[in-house]
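S.K.: File structure36.csv below, CSV, C-alpha atoms:
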```
chain,number,residue,atom,x,y,z
A,366,MET,CA,75.7,69.3,103.8
A,367,THR,CA,79.3,69.6,102.5
A,368,GLN,CA,82.3,68.8,104.7
A,369,PRO,CA,84.4,72.0,105.2
A,370,LEU,CA,87.5,72.2,103.1
A,371,VAL,CA,90.1,74.1,105.1
A,372,PRO,CA,93.9,74.7,104.7
A,373,SER,CA,96.0,72.9,107.3
A,374,ILE,CA,97.3,76.4,108.3
A,375,GLY,CA,96.0,79.8,107.4
A,376,TRP,CA,92.9,80.9,105.4
A,377,GLY,CA,91.6,80.7,101.9
A,378,VAL,CA,91.4,84.0,100.1
A,379,LEU,CA,89.1,84.8,97.2
A,380,HIS,CA,89.3,88.0,95.2
A,381,LEU,CA,86.2,88.6,93.0
A,382,PHE,CA,85.9,91.5,90.6
A,383,CYS,CA,82.3,92.1,89.4
A,384,LYS,CA,80.2,94.3,87.1
A,385,VAL,CA,76.6,95.2,87.6
A,386,GLY,CA,75.8,95.5,83.9
A,387,ASP,CA,76.6,97.7,81.0
A,388,ALA,CA,75.7,101.4,80.8
A,389,THR,CA,72.5,100.6,78.8
A,390,SER,CA,71.2,98.1,81.2
A,391,ARG,CA,72.0,100.3,84.2
A,392,ALA,CA,70.2,103.3,82.6
A,393,GLY,CA,67.1,101.2,81.9
A,394,ARG,CA,67.0,99.4,85.2
A,395,ALA,CA,64.0,99.9,87.3
A,396,ARG,CA,64.4,101.4,90.7
A,397,SER,CA,63.0,98.3,92.3
A,398,ASP,CA,65.5,96.1,90.4
A,399,ALA,CA,68.4,98.3,91.5
A,400,GLN,CA,67.2,98.1,95.1
A,401,ALA,CA,66.9,94.3,94.8
A,402,VAL,CA,70.5,94.0,93.6
A,403,THR,CA,71.7,96.2,96.5
A,404,GLN,CA,69.7,94.3,99.1
A,405,ALA,CA,70.8,90.9,97.8
A,406,VAL,CA,74.5,91.9,97.6
A,407,THR,CA,74.4,93.4,101.1
A,408,GLN,CA,72.7,90.3,102.4
A,409,ALA,CA,75.4,88.0,100.8
A,410,VAL,CA,78.2,90.0,102.4
A,411,LYS,CA,76.6,90.3,105.8
A,412,GLY,CA,75.7,86.6,105.7
A,413,ALA,CA,79.4,85.6,105.0
A,414,GLU,CA,80.6,88.0,107.8
A,415,ALA,CA,78.2,86.4,110.2
A,416,ASP,CA,79.8,83.0,109.4
A,417,GLY,CA,83.3,84.4,110.2
A,418,VAL,CA,84.4,85.4,106.7
A,419,GLN,CA,86.2,88.7,106.4
A,420,VAL,CA,84.9,90.6,103.4
A,421,VAL,CA,86.6,93.7,102.1
A,422,THR,CA,84.4,95.6,99.6
A,423,VAL,CA,85.9,98.0,97.0
A,424,ALA,CA,84.5,100.5,94.6
A,425,MET,CA,86.7,99.8,91.5
A,426,LEU,CA,88.1,102.5,89.3
A,427,GLY,CA,88.3,102.0,85.5
A,428,HIS,CA,86.7,99.7,83.0
A,429,LYS,CA,87.9,96.3,84.4
A,430,ALA,CA,85.2,96.0,87.1
A,431,ASP,CA,82.6,98.0,89.0
A,432,LEU,CA,83.1,96.5,92.5
A,433,GLY,CA,85.5,94.1,94.1
A,434,PHE,CA,85.4,91.7,97.1
A,435,MET,CA,88.3,90.3,99.0
A,436,ALA,CA,87.1,87.4,101.2
A,437,LEU,CA,89.2,85.5,103.7
A,438,GLY,CA,88.0,82.5,105.6
A,439,ALA,CA,88.9,79.0,106.7
A,440,ASP,CA,86.3,77.0,104.7
A,441,LEU,CA,86.6,77.2,100.9
A,442,TRP,CA,83.0,76.0,100.6
A,443,ARG,CA,81.9,79.1,102.4
A,444,LEU,CA,83.9,81.3,100.0
A,445,ARG,CA,82.3,79.5,97.1
A,446,ARG,CA,78.8,80.1,98.6
A,447,LEU,CA,79.6,83.9,98.8
A,448,GLN,CA,80.6,83.8,95.2
A,449,SER,CA,77.3,82.0,94.3
A,450,ASP,CA,75.3,84.4,96.4
A,451,LEU,CA,76.8,87.4,94.7
A,452,GLN,CA,76.2,85.9,91.2
A,453,ALA,CA,72.6,85.1,92.2
A,454,ALA,CA,72.2,88.8,93.3
A,455,GLY,CA,72.8,89.8,89.7
A,456,LEU,CA,76.6,90.5,89.7
A,457,GLU,CA,78.7,89.3,86.8
A,458,VAL,CA,82.2,88.1,87.9
A,459,VAL,CA,84.6,89.4,85.4
A,460,GLY,CA,87.8,88.6,87.2
A,461,SER,CA,88.9,86.5,90.2
A,462,TYR,CA,91.9,85.2,92.1
A,463,VAL,CA,92.2,82.3,94.4
A,464,SER,CA,95.0,82.0,97.0
A,465,LEU,CA,95.9,81.1,100.6
A,466,THR,CA,97.4,83.2,103.4
A,467,GLU,CA,101.0,82.0,104.1
A,468,VAL,CA,104.2,82.6,105.9
A,469,SER,CA,107.0,82.8,103.3
A,470,GLU,CA,109.8,80.2,103.5
A,471,TYR,CA,112.2,83.2,103.8
A,472,ALA,CA,110.3,84.5,107.0
A,473,GLU,CA,110.5,81.4,109.2
A,474,GLY,CA,112.6,83.4,111.7
A,475,VAL,CA,110.1,86.2,112.3
A,476,PRO,CA,108.3,86.5,115.6
A,477,ASP,CA,105.3,84.2,116.1
A,478,GLU,CA,103.0,87.3,116.4
A,479,MET,CA,104.1,88.4,113.0
A,480,LYS,CA,103.5,84.9,111.6
A,481,GLN,CA,100.0,85.0,113.0
A,482,THR,CA,99.3,88.4,111.5
A,483,ARG,CA,100.3,87.0,108.0
A,484,LEU,CA,98.2,83.9,108.4
A,485,TYR,CA,95.2,85.5,110.0
A,486,PRO,CA,95.2,89.2,109.0
A,487,SER,CA,92.5,91.6,110.2
A,488,LEU,CA,91.2,93.6,107.2
A,489,PRO,CA,90.7,96.2,106.0
A,490,PRO,CA,93.4,98.2,107.9
A,491,GLU,CA,92.0,101.3,109.5
A,492,GLY,CA,92.6,104.5,107.6
A,493,LYS,CA,93.9,102.9,104.5
A,494,THR,CA,91.2,103.1,101.8
A,495,ALA,CA,93.3,103.3,98.7
A,496,PHE,CA,93.4,99.7,97.3
A,497,CYS,CA,95.1,97.8,94.5
A,498,PHE,CA,95.5,94.1,93.7
A,499,TYR,CA,97.9,92.4,91.3
A,500,PRO,CA,99.2,88.9,90.8
A,501,MET,CA,102.9,88.2,90.3
A,502,SER,CA,105.3,85.3,89.7
A,503,LYS,CA,109.1,84.8,89.7
A,504,ARG,CA,110.8,84.4,86.4
A,505,ARG,CA,111.7,80.9,85.2
A,506,GLY,CA,113.2,81.8,81.9
A,507,ASP,CA,116.9,81.5,81.2
A,508,GLY,CA,117.4,85.0,79.7
A,509,GLU,CA,120.3,86.8,81.3
A,510,GLY,CA,120.4,84.1,83.9
A,511,SER,CA,117.2,85.3,85.5
A,512,ASN,CA,115.7,82.0,86.6
A,513,TRP,CA,114.7,82.5,90.2
A,514,PHE,CA,114.1,78.8,90.8
A,515,SER,CA,117.7,77.9,89.8
A,516,LEU,CA,119.2,80.1,92.5
A,517,PRO,CA,120.5,78.6,95.8
A,518,PHE,CA,118.1,79.1,98.7
A,519,GLU,CA,120.5,81.4,100.6
A,520,GLU,CA,120.9,83.7,97.6
A,521,ARG,CA,117.1,83.9,97.2
A,522,LYS,CA,116.8,84.6,100.9
A,523,THR,CA,119.3,87.5,100.8
A,524,LEU,CA,117.4,89.0,97.8
A,525,MET,CA,114.1,88.7,99.6
A,526,TYR,CA,115.5,90.4,102.7
A,527,GLY,CA,116.5,93.3,100.5
A,528,HIS,CA,113.1,93.3,99.0
A,529,GLY,CA,111.5,93.4,102.4
A,530,ALA,CA,113.7,96.2,103.5
A,531,ALA,CA,112.5,98.3,100.5
A,532,GLY,CA,108.9,97.6,101.5
A,533,ARG,CA,109.4,98.6,105.1
A,534,LYS,CA,110.2,102.1,104.1
A,535,PHE,CA,106.4,102.4,103.6
A,536,ALA,CA,105.4,101.3,107.1
A,537,GLY,CA,102.4,103.4,108.2
A,538,ARG,CA,101.5,104.3,104.6
A,539,ILE,CA,101.0,100.9,103.1
A,540,VAL,CA,99.7,97.5,104.4
A,541,GLN,CA,100.7,94.7,102.1
A,542,VAL,CA,99.0,91.3,102.1
A,543,ILE,CA,100.8,88.7,100.1
A,544,THR,CA,99.0,85.4,99.5
A,545,GLY,CA,100.3,82.2,97.9
A,546,SER,CA,98.7,80.7,94.8
A,547,THR,CA,101.3,78.3,93.3
A,548,GLY,CA,99.3,75.4,92.0
A,549,ILE,CA,96.0,77.2,92.8
A,550,ASP,CA,95.8,80.0,90.3
A,551,ASP,CA,97.6,81.2,87.2
A,552,TRP,CA,100.3,83.2,89.0
A,553,GLU,CA,102.3,82.4,92.1
A,554,TRP,CA,101.3,85.1,94.5
A,555,GLY,CA,98.5,87.7,94.9
A,556,VAL,CA,99.5,91.1,96.2
A,557,THR,CA,96.9,93.3,97.9
A,558,LEU,CA,98.0,96.8,98.9
A,559,PHE,CA,96.0,99.1,101.2
A,560,GLY,CA,97.3,102.7,101.3
A,561,VAL,CA,96.5,106.0,103.0
A,562,HIS,CA,96.7,107.9,99.7
A,563,PRO,CA,96.5,106.6,96.1
A,564,ASP,CA,100.0,107.9,95.3
A,565,ASP,CA,101.3,105.7,98.2
A,566,LEU,CA,100.4,102.7,96.1
A,567,LYS,CA,102.2,104.2,93.1
A,568,GLU,CA,105.3,105.1,95.0
A,569,CYS,CA,105.5,101.8,96.8
A,570,VAL,CA,105.3,99.7,93.6
A,571,TYR,CA,107.6,102.0,91.7
A,572,THR,CA,110.3,102.0,94.5
A,573,MET,CA,110.2,98.2,95.0
A,574,ARG,CA,110.6,97.5,91.2
A,575,PHE,CA,114.2,98.8,91.5
A,576,ASP,CA,115.0,96.2,94.1
A,577,GLU,CA,117.1,93.5,92.5
A,578,GLY,CA,114.7,90.7,93.5
A,579,SER,CA,112.0,92.5,91.4
A,580,ALA,CA,114.1,94.1,88.7
A,581,ARG,CA,115.6,90.8,87.6
A,582,TYR,CA,113.1,88.2,88.7
A,583,ALA,CA,109.6,89.5,89.0
A,584,GLU,CA,106.7,89.3,86.5
A,585,PHE,CA,103.5,91.2,87.2
A,586,GLY,CA,100.0,90.6,86.1
A,587,PRO,CA,97.2,93.3,85.6
A,588,PHE,CA,96.6,95.8,88.4
A,589,LEU,CA,93.1,96.5,89.7
A,590,THR,CA,92.6,99.7,91.7
A,591,GLY,CA,89.7,101.0,93.8
A,592,ILE,CA,88.5,102.5,97.1
A,593,VAL,CA,87.7,100.5,100.2
A,594,ALA,CA,84.3,101.3,101.8
A,595,PRO,CA,81.4,99.6,103.6
A,596,VAL,CA,79.3,97.5,101.2
A,597,GLU,CA,76.4,100.0,101.4
A,598,THR,CA,78.7,102.9,100.4
A,599,VAL,CA,80.2,100.9,97.5
A,600,LEU,CA,76.8,99.9,96.2
A,601,ALA,CA,75.4,103.4,96.4
A,602,GLN,CA,78.2,104.4,94.0
A,603,VAL,CA,78.3,101.5,91.5
A,604,ALA,CA,74.6,100.5,91.6
A,605,PRO,CA,72.6,103.6,92.4
A,606,ASP,CA,68.9,103.0,92.7
A,607,GLU,CA,68.0,106.5,91.4
```
Just dump the structure as structure tokens.
M.R.:
Amino acid sequence: MTQPLVPSIGWGVLHLFCKVGDATSRAGRARSDAQAVTQAVTQAVKGAEADGVQVVTVAMLGHKADLGFMALGADLWRLRRLQSDLQAAGLEVVGSYVSLTEVSEYAEGVPDEMKQTRLYPSLPPEGKTAFCFYPMSKRRGDGEGSNWFSLPFEERKTLMYGHGAAGRKFAGRIVQVITGSTGIDDWEWGVTLFGVHPDDLKECVYTMRFDEGSARYAEFGPFLTGIVAPVETVLAQVAPDE
């Protein structure tokens, strides 16, 4: 038995983006094989949820992945087991992101209830099935004086307050989950957005890019977009057994 590996505060977060095989293999897959994949994936997700892991399942759009999983839980070993179970079920992990829930250093003054929500969110949010994920970092280059990490704390705090004000315009339409990954993955933060409509995602990101904190200092990674649904619904779309 492994000893749990847990953050001192908050949860571990694992995004996995998977494929169920290329078009040729899907077309030639026997019905029994497709059913086996569906059953094994469903069992992996339900098993993790029974152990207290929150698992958001997503039918992905586009060529980057067929289905996605956002898993949140205290024990990183349990997240690793979920990944192993999904791979054993026949899924190919083609993209991933590792991060931790956090309360930003610029949000220390927010109410305790809000801190708890950021550290221990309840996902997915009801009524928001439009999904996208992207990683981001703050610029370190010296071009045009745009090195975020050379700014005084109070200046950074003011910029982040402005950034937050821009995001609050989308209250009710967007739920944003920002998780920290400095020293854990290639970027510094993972951003997961849940929206009522797909154009809510588009408008939110577009609007916030004009904020000075983003316009001058933000660098964005690839965007992955999909539709949140129960695991059975997602699998019926991406790994049909007929």
S.K.: For His562 of chain A, which residue among A:Thr494, A:Ser487, A:Thr482, A:Gln419 is the nearest when counting only C-alpha atoms?
M.R.: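 Closest candidate: A:Thr494.
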S.K.: Which of these, A:Val570, A:Leu381, A:Ala536, A:Leu447, has the shortest distance to Gly412 of chain A once you count only C-alpha atoms?
M.R.: A:Leu447
S.K.: Which one is closest to Thr466 of chain A: A:Lys480, A:Lys567, A:Arg538, A:Lys503? Count all atoms listed in the file.
M.R.: A:Lys480
S.K.: Check the smallest atom-to-atom distance from each of A:Pro486, A:Gly460, A:Gly555, A:Gly455 to Phe585 of chain A using all atoms listed in the file, then report the winner.
M.R.: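 Once distances to Phe585 of chain A are computed over all atoms listed in the file, the minimum belongs to A:Gly555.
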S.K.: What's the 10 Å shell around Pro587 of chain A, counting all atoms listed in the file, without same-chain residues fewer than 4 positions away, as a ChimeraX atom specification?
M.R.: /A:429,498-501
S.K.: Those residues with C-alpha atoms, as an mmCIF file, keeping the file's coordinate frame please?
M.R.:
```cif
data_model
loop_
_atom_site.group_PDB
_atom_site.id
_atom_site.type_symbol
_atom_site.label_atom_id
_atom_site.label_comp_id
_atom_site.auth_asym_id
_atom_site.auth_seq_id
_atom_site.Cartn_x
_atom_site.Cartn_y
_atom_site.Cartn_z
ATOM 1 C CA LYS A 429 87.900 96.300 84.400
ATOM 2 C CA PHE A 498 95.500 94.100 93.700
ATOM 3 C CA TYR A 499 97.900 92.400 91.300
ATOM 4 C CA PRO A 500 99.200 88.900 90.800
ATOM 5 C CA MET A 501 102.900 88.200 90.300
#
```
S.K.: Taking into account all atoms listed in the file, which residue in the set A:Thr403, A:Ser511, A:Thr544, A:Thr523 is nearest to Ala601 of chain A?
M.R.: A:Thr403
S.K.: Please, what distance in Å, to one decimal, runs between atom CA of Gln452 of chain A and atom CA of Phe559 of chain A?
M.R.: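 These two atoms are separated by 25.8 Å.
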S.K.: How far is it from atom CA of Met366 of chain A to atom CA of Phe382 of chain A, in Å with one decimal?
M.R.: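 So the answer is 27.8 Å.
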S.K.: What is the distance between atom CA of Val593 of chain A and atom CA of Arg483 of chain A, in Å to one decimal?
M.R.: 20.0 Å
S.K.: Tell me which protein, DNA and RNA residues are within 10 Å of Ile549 of chain A, counting all atoms listed in the file, leaving out same-chain ones fewer than 6 positions away, and put them as a list of chain:residue names.
M.R.: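 What passes the distance filter is A:Tyr462, A:Val463, A:Ser464, A:Leu465.
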S.K.: Check the smallest atom-to-atom distance from each of A:Met479, A:Leu379, A:Ala580, A:Ile592 to Phe434 of chain A using all atoms listed in the file, then report the winner.
M.R.: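 Selected residue with least distance to Phe434 of chain A: A:Leu379.
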S.K.: Using only C-alpha atoms, which protein or nucleic acid residues come within 10 Å of Gly417 of chain A? Drop anything in the same chain fewer than 2 positions from it, and give the result as an NGL selection string.
M.R.: :A and (411-415 or 419-420 or 437-440 or 443)
S.K.: If you count all atoms listed in the file, which residues fall within 12 Å of Arg574 of chain A, apart from same-chain ones fewer than 6 positions away, as a ChimeraX atom specification?
M.R.: /A:527-529,531-532,567-568,580-585
S.K.: Take the residues from that selection and put them in a file with C-alpha atoms, as a CSV table (one decimal), in the coordinates of the input.
M.R.:
```csv
chain,number,residue,atom,x,y,z
A,527,GLY,CA,116.5,93.3,100.5
A,528,HIS,CA,113.1,93.3,99.0
A,529,GLY,CA,111.5,93.4,102.4
A,531,ALA,CA,112.5,98.3,100.5
A,532,GLY,CA,108.9,97.6,101.5
A,567,LYS,CA,102.2,104.2,93.1
A,568,GLU,CA,105.3,105.1,95.0
A,580,ALA,CA,114.1,94.1,88.7
A,581,ARG,CA,115.6,90.8,87.6
A,582,TYR,CA,113.1,88.2,88.7
A,583,ALA,CA,109.6,89.5,89.0
A,584,GLU,CA,106.7,89.3,86.5
A,585,PHE,CA,103.5,91.2,87.2
```
S.K.: Please list as JSON, numbers by chain every residue within 8 Å of Glu467 of chain A, counting all atoms listed in the file and excluding residues in the same chain fewer than 3 positions away.
M.R.: {"A": [374, 375, 483, 484, 543, 544, 545]}
S.K.: Next, write the just-selected residues to a file, as an mmCIF file, in the frame of the given file, keeping C-alpha atoms as the atom set.
M.R.:
```cif
data_model
loop_
_atom_site.group_PDB
_atom_site.id
_atom_site.type_symbol
_atom_site.label_atom_id
_atom_site.label_comp_id
_atom_site.auth_asym_id
_atom_site.auth_seq_id
_atom_site.Cartn_x
_atom_site.Cartn_y
_atom_site.Cartn_z
ATOM 1 C CA ILE A 374 97.300 76.400 108.300
ATOM 2 C CA GLY A 375 96.000 79.800 107.400
ATOM 3 C CA ARG A 483 100.300 87.000 108.000
ATOM 4 C CA LEU A 484 98.200 83.900 108.400
ATOM 5 C CA ILE A 543 100.800 88.700 100.100
ATOM 6 C CA THR A 544 99.000 85.400 99.500
ATOM 7 C CA GLY A 545 100.300 82.200 97.900
#
```
